[in-house]
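**Q** File follows, run.pdb with PDB, C-alpha atoms:
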```pdb
ATOM      1  CA  MET S   1    -217.398  98.646 -72.998
ATOM      2  CA  SER S   2    -214.219  96.718 -73.599
ATOM      3  CA  ASN S   3    -211.682  99.337 -74.509
ATOM      4  CA  GLY S   4    -211.204 100.987 -71.128
ATOM      5  CA  SER S   5    -212.231 104.491 -72.271
ATOM      6  CA  GLN S   6    -215.015 106.238 -70.442
ATOM      7  CA  PRO S   7    -218.395 106.274 -72.167
ATOM      8  CA  ASP S   8    -220.475 109.423 -72.420
ATOM      9  CA  PHE S   9    -223.277 108.491 -69.996
ATOM     10  CA  LEU S  10    -226.635 110.132 -70.563
ATOM     11  CA  GLU S  11    -228.225 107.982 -67.868
ATOM     12  CA  PRO S  12    -226.461 106.645 -64.776
ATOM     13  CA  PRO S  13    -224.886 103.174 -65.082
ATOM     14  CA  VAL S  14    -227.143 100.310 -63.978
ATOM     15  CA  ARG S  15    -226.402  99.419 -60.373
ATOM     16  CA  ALA S  16    -226.455  95.865 -59.070
ATOM     17  CA  ASP S  17    -225.611  96.389 -55.383
ATOM     18  CA  GLY S  18    -225.432  92.640 -54.877
ATOM     19  CA  PRO S  19    -225.510  89.401 -56.816
ATOM     20  CA  ILE S  20    -226.726  89.247 -60.421
ATOM     21  CA  ARG S  21    -230.045  87.513 -61.054
ATOM     22  CA  LEU S  22    -229.774  84.780 -63.658
ATOM     23  CA  VAL S  23    -232.853  82.856 -64.727
ATOM     24  CA  ASP S  24    -233.289  79.543 -66.473
ATOM     25  CA  PRO S  25    -233.603  79.639 -70.273
ATOM     26  CA  ASP S  26    -237.010  80.817 -71.465
ATOM     27  CA  PRO S  27    -238.335  80.037 -74.965
ATOM     28  CA  VAL S  28    -240.251  83.352 -74.881
ATOM     29  CA  TRP S  29    -236.938  85.203 -75.399
ATOM     30  CA  ALA S  30    -236.904  84.323 -79.106
ATOM     31  CA  ALA S  31    -240.413  85.746 -79.544
ATOM     32  CA  GLN S  32    -239.492  88.873 -77.587
ATOM     33  CA  TYR S  33    -236.486  89.377 -79.835
ATOM     34  CA  ALA S  34    -238.640  88.919 -82.947
ATOM     35  CA  GLY S  35    -241.006  91.634 -81.696
ATOM     36  CA  GLU S  36    -238.092  93.986 -81.046
ATOM     37  CA  GLU S  37    -236.535  93.291 -84.440
ATOM     38  CA  GLU S  38    -239.849  94.106 -86.087
ATOM     39  CA  ARG S  39    -240.080  97.329 -84.053
ATOM     40  CA  ILE S  40    -236.538  98.393 -85.045
ATOM     41  CA  ARG S  41    -237.078  97.575 -88.720
ATOM     42  CA  ALA S  42    -240.405  99.445 -88.699
ATOM     43  CA  ALA S  43    -238.655 102.495 -87.213
ATOM     44  CA  LEU S  44    -235.623 102.449 -89.510
ATOM     45  CA  GLY S  45    -236.554 100.518 -92.643
ATOM     46  CA  ALA S  46    -233.510  99.920 -94.848
ATOM     47  CA  ARG S  47    -231.343 102.038 -92.513
ATOM     48  CA  ALA S  48    -231.268  98.960 -90.253
ATOM     49  CA  VAL S  49    -228.473  97.233 -92.172
ATOM     50  CA  GLN S  50    -228.348  94.261 -89.784
ATOM     51  CA  VAL S  51    -230.383  93.341 -86.699
ATOM     52  CA  GLU S  52    -229.299  90.306 -84.685
ATOM     53  CA  HIS S  53    -230.227  88.697 -81.374
ATOM     54  CA  VAL S  54    -227.020  88.400 -79.340
ATOM     55  CA  GLY S  55    -226.134  87.800 -75.722
ATOM     56  CA  SER S  56    -227.173  84.928 -73.518
ATOM     57  CA  THR S  57    -230.901  85.129 -74.304
ATOM     58  CA  SER S  58    -230.018  84.334 -77.937
ATOM     59  CA  VAL S  59    -228.530  80.940 -76.994
ATOM     60  CA  PRO S  60    -231.092  78.179 -76.422
ATOM     61  CA  GLY S  61    -230.455  76.333 -73.162
ATOM     62  CA  LEU S  62    -228.332  79.074 -71.553
ATOM     63  CA  ALA S  63    -229.259  80.753 -68.259
ATOM     64  CA  ALA S  64    -229.262  84.533 -68.545
ATOM     65  CA  LYS S  65    -230.200  87.857 -67.112
ATOM     66  CA  PRO S  66    -233.699  88.263 -68.589
ATOM     67  CA  VAL S  67    -232.635  91.049 -70.961
ATOM     68  CA  ILE S  68    -232.846  90.833 -74.745
ATOM     69  CA  ASP S  69    -229.572  92.041 -76.294
ATOM     70  CA  ILE S  70    -229.701  93.214 -79.881
ATOM     71  CA  VAL S  71    -226.910  94.337 -82.166
ATOM     72  CA  LEU S  72    -228.011  96.826 -84.792
ATOM     73  CA  THR S  73    -225.757  98.014 -87.574
ATOM     74  CA  VAL S  74    -226.356 101.194 -89.500
ATOM     75  CA  ILE S  75    -224.291 102.869 -92.223
ATOM     76  CA  ASP S  76    -222.573 105.188 -89.708
ATOM     77  CA  SER S  77    -223.345 104.898 -86.006
ATOM     78  CA  ALA S  78    -221.586 108.234 -85.338
ATOM     79  CA  SER S  79    -224.207 109.960 -87.512
ATOM     80  CA  GLU S  80    -226.987 109.758 -84.937
ATOM     81  CA  ALA S  81    -229.346 112.021 -86.884
ATOM     82  CA  GLY S  82    -229.760 109.217 -89.411
ATOM     83  CA  TYR S  83    -231.283 106.731 -86.949
ATOM     84  CA  LEU S  84    -231.486 107.888 -83.319
ATOM     85  CA  PRO S  85    -234.596 110.123 -83.544
ATOM     86  CA  ASP S  86    -236.568 107.260 -85.084
ATOM     87  CA  LEU S  87    -235.397 104.765 -82.468
ATOM     88  CA  GLU S  88    -236.307 107.233 -79.721
ATOM     89  CA  ALA S  89    -239.720 107.769 -81.310
ATOM     90  CA  ALA S  90    -240.140 103.972 -81.186
ATOM     91  CA  GLY S  91    -239.531 104.086 -77.419
ATOM     92  CA  TYR S  92    -235.820 103.349 -77.025
ATOM     93  CA  VAL S  93    -233.748 105.601 -74.758
ATOM     94  CA  LEU S  94    -230.098 106.409 -75.451
ATOM     95  CA  GLN S  95    -228.092 105.486 -72.341
ATOM     96  CA  PHE S  96    -224.557 106.213 -73.482
ATOM     97  CA  ARG S  97    -222.165 106.783 -76.347
ATOM     98  CA  GLU S  98    -218.699 105.268 -76.733
ATOM     99  CA  PRO S  99    -217.125 107.130 -79.641
ATOM    100  CA  ASP S 100    -213.700 105.609 -78.923
ATOM    101  CA  TRP S 101    -215.048 102.046 -79.125
ATOM    102  CA  TYR S 102    -216.284 101.558 -82.692
ATOM    103  CA  GLU S 103    -218.691 104.508 -82.293
ATOM    104  CA  HIS S 104    -220.896 102.289 -80.101
ATOM    105  CA  ARG S 105    -224.282 103.615 -79.008
ATOM    106  CA  PHE S 106    -226.309 101.871 -76.307
ATOM    107  CA  LEU S 107    -230.089 102.180 -76.006
ATOM    108  CA  ARG S 108    -232.565 100.544 -73.631
ATOM    109  CA  ASP S 109    -236.244  99.939 -73.199
ATOM    110  CA  HIS S 110    -238.336  97.921 -70.781
ATOM    111  CA  ASN S 111    -241.256  95.511 -71.113
ATOM    112  CA  PRO S 112    -239.451  93.449 -72.171
ATOM    113  CA  ASP S 113    -236.070  94.603 -70.946
ATOM    114  CA  VAL S 114    -234.043  95.174 -74.087
ATOM    115  CA  GLN S 115    -230.601  96.598 -74.836
ATOM    116  CA  VAL S 116    -229.712  97.753 -78.332
ATOM    117  CA  HIS S 117    -226.036  98.012 -79.269
ATOM    118  CA  VAL S 118    -225.604 100.193 -82.361
ATOM    119  CA  PHE S 119    -222.454  99.908 -84.476
ATOM    120  CA  THR S 120    -221.393 100.930 -87.961
ATOM    121  CA  ALA S 121    -221.850  98.168 -90.541
ATOM    122  CA  GLY S 122    -218.649  96.139 -90.825
ATOM    123  CA  SER S 123    -217.561  96.772 -87.233
ATOM    124  CA  PRO S 124    -215.212  94.062 -85.944
ATOM    125  CA  GLU S 125    -217.139  94.056 -82.661
ATOM    126  CA  VAL S 126    -220.274  92.833 -84.424
ATOM    127  CA  GLU S 127    -218.282  89.970 -85.945
ATOM    128  CA  ARG S 128    -217.007  89.083 -82.452
ATOM    129  CA  MET S 129    -220.508  89.131 -80.951
ATOM    130  CA  LEU S 130    -221.889  86.879 -83.671
ATOM    131  CA  LEU S 131    -218.936  84.484 -83.517
ATOM    132  CA  PHE S 132    -219.396  84.164 -79.751
ATOM    133  CA  ARG S 133    -223.161  83.614 -80.049
ATOM    134  CA  ASP S 134    -222.796  81.067 -82.827
ATOM    135  CA  ARG S 135    -220.056  79.193 -80.970
ATOM    136  CA  LEU S 136    -222.242  78.900 -77.860
ATOM    137  CA  ARG S 137    -225.170  77.717 -79.972
ATOM    138  CA  ALA S 138    -223.099  75.058 -81.749
ATOM    139  CA  ARG S 139    -220.829  73.776 -78.968
ATOM    140  CA  PRO S 140    -222.485  72.430 -75.798
ATOM    141  CA  GLU S 141    -219.114  72.278 -73.998
ATOM    142  CA  GLU S 142    -218.534  76.013 -74.627
ATOM    143  CA  ARG S 143    -222.087  76.855 -73.535
ATOM    144  CA  GLU S 144    -221.598  74.821 -70.324
ATOM    145  CA  LEU S 145    -218.248  76.498 -69.590
ATOM    146  CA  TYR S 146    -219.759  79.925 -70.099
ATOM    147  CA  GLU S 147    -222.813  79.153 -67.973
ATOM    148  CA  ARG S 148    -220.660  77.749 -65.165
ATOM    149  CA  THR S 149    -218.557  80.923 -65.229
ATOM    150  CA  LYS S 150    -221.640  83.136 -65.290
ATOM    151  CA  ARG S 151    -223.228  81.355 -62.328
ATOM    152  CA  GLU S 152    -220.030  81.546 -60.256
ATOM    153  CA  LEU S 153    -219.631  85.257 -60.969
ATOM    154  CA  ALA S 154    -223.335  86.088 -60.616
ATOM    155  CA  ALA S 155    -223.323  84.773 -57.037
ATOM    156  CA  ARG S 156    -220.817  87.462 -55.997
ATOM    157  CA  ARG S 157    -221.697  90.993 -54.935
ATOM    158  CA  TRP S 158    -221.314  93.626 -57.663
ATOM    159  CA  ASN S 159    -221.703  97.394 -57.516
ATOM    160  CA  TYR S 160    -222.621  97.656 -61.197
ATOM    161  CA  ILE S 161    -223.890  95.154 -63.740
ATOM    162  CA  GLN S 162    -221.034  96.197 -66.046
ATOM    163  CA  ASP S 163    -218.531  94.984 -63.425
ATOM    164  CA  TYR S 164    -220.079  91.512 -63.657
ATOM    165  CA  ALA S 165    -219.984  91.685 -67.468
ATOM    166  CA  ASP S 166    -216.323  92.735 -67.415
ATOM    167  CA  ALA S 167    -215.455  89.853 -65.059
ATOM    168  CA  LYS S 168    -216.636  87.366 -67.713
ATOM    169  CA  SER S 169    -214.373  88.814 -70.398
ATOM    170  CA  SER S 170    -211.494  86.318 -70.061
ATOM    171  CA  VAL S 171    -213.726  83.292 -70.670
ATOM    172  CA  VAL S 172    -215.492  85.144 -73.501
ATOM    173  CA  GLU S 173    -212.124  85.838 -75.141
ATOM    174  CA  GLU S 174    -211.076  82.183 -74.749
ATOM    175  CA  ILE S 175    -214.261  81.006 -76.481
ATOM    176  CA  ILE S 176    -213.880  83.567 -79.286
ATOM    177  CA  SER S 177    -210.233  82.572 -79.757
ATOM    178  CA  ARG S 178    -211.175  78.911 -80.160
ATOM    179  CA  GLY S 179    -213.898  79.916 -82.603
ATOM    180  CA  ARG S 180    -211.435  81.909 -84.702
ATOM    181  CA  SER S 181    -208.967  79.021 -84.685
ATOM    182  CA  ASP S 182    -211.682  76.664 -85.912
ATOM    183  CA  GLN S 183    -212.680  79.147 -88.639
ATOM    184  CA  LYS S 184    -209.059  79.293 -89.883
ATOM    185  CA  ARG S 185    -208.817  75.490 -89.979
ATOM    186  CA  GLU S 186    -212.076  75.261 -91.938
ATOM    187  CA  ARG S 187    -210.827  77.624 -94.666
TER
END
```
Render the structure in this file as structure tokens.

**A**
Amino acid sequence: MSNGSQPDFLEPPVRADGPIRLVDPDPVWAAQYAGEEERIRAALGARAVQVEHVGSTSVPGLAAKPVIDIVLTVIDSASEAGYLPDLEAAGYVLQFREPDWYEHRFLRDHNPDVQVHVFTAGSPEVERMLLFRDRLRARPEERELYERTKRELAARRWNYIQDYADAKSSVVEEIISRGRSDQKRER
């Protein structure tokens, strides 16, 4: 939710009402992601253009909220009839739509806690998410900066989890900017 427009909430936003709970890295996160990827691909088949583990649980050695974040690309995320009924049948629940932000759809499930971000294939936001993840995986100094920032912010009181996520955006943008600069130099 980076563009400032209001999403179409189908479920109320997740409240924090206090500090955010971060946990130490857990190797089980990779296996949980693999199970969720299999579940999504079984539900959608070839309609799942790309399925990727993103977010802090996708970065070995990084403390995180124990929630598996997944980015899923489909041919057209605005055309919900082509994928949403099958994801719902697989147990995911649509939380909100953000048509003004790359036609983003956000689904959740629990056990494990998982968040699925659906975008249209080729969305620049997917490229950003993957660049950020890959930069944190490859650069210990970036991972340490991000974790330090997360821990400082997590200790504060937040009304909503999204407020905490938004507070991290400046450091996220710095890391992405350095990643893009490195990509340009490598070309």

**Q** Specify as a list in words each residue included when the PyMOL selection byres ((chain S and resi 154) around 10) is applied to this file.

**A**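 That expression, the PyMOL selection byres ((chain S and resi 154) around 10), corresponds here to Gly18, Pro19, Ile20, Arg21, Leu22, Lys65, Arg148, Thr149, Lys150, Arg151, Glu152, Leu153, Ala155, Arg156, Arg157, Trp158, Ile161, Tyr164, Ala165, Ala167 and Lys168 of chain S.
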
**Q** Using the chain letters and numbers from the file, give me the residues hit by the PyMOL selection byres ((chain S and resi 78) around 9), as JSON, numbers by chain.

**A** {"S": [76, 77, 79, 80, 81, 99, 102, 103, 104, 105, 119, 120]}

**Q** Between S:Glu125, S:Asp163, S:Asp134, S:Asp8, which one has atoms that come closest to Ser58 of chain S, using all atoms listed in the file?

**A**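 Of all the options, S:Asp134 lies closest to Ser58 of chain S.
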
**Q** Using all atoms listed in the file, which residue out of S:Asp17, S:Ala42, S:Leu10, S:Glu98 lies closest to Tyr160 of chain S?

**A**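 Among the listed residues, the smallest separation from Tyr160 of chain S belongs to S:Asp17.
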
**Q** Can you work out the spacing between atom CA of Val49 of chain S and atom CA of Glu174 of chain S in Å, to one decimal?

**A**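 Between atom CA of Val49 of chain S and atom CA of Glu174 of chain S the gap is 28.9 Å.
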
**Q** Provide the atom CA of Gln95 of chain S to atom CA of Asp26 of chain S distance in Å, to one decimal place.

**A**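 Separation of atom CA of Gln95 of chain S and atom CA of Asp26 of chain S: 26.2 Å.
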
**Q** Grab the atom CA of Glu38 of chain S to atom CA of Gln162 of chain S distance for me, in Å with one decimal place.

**A** 27.6 Å
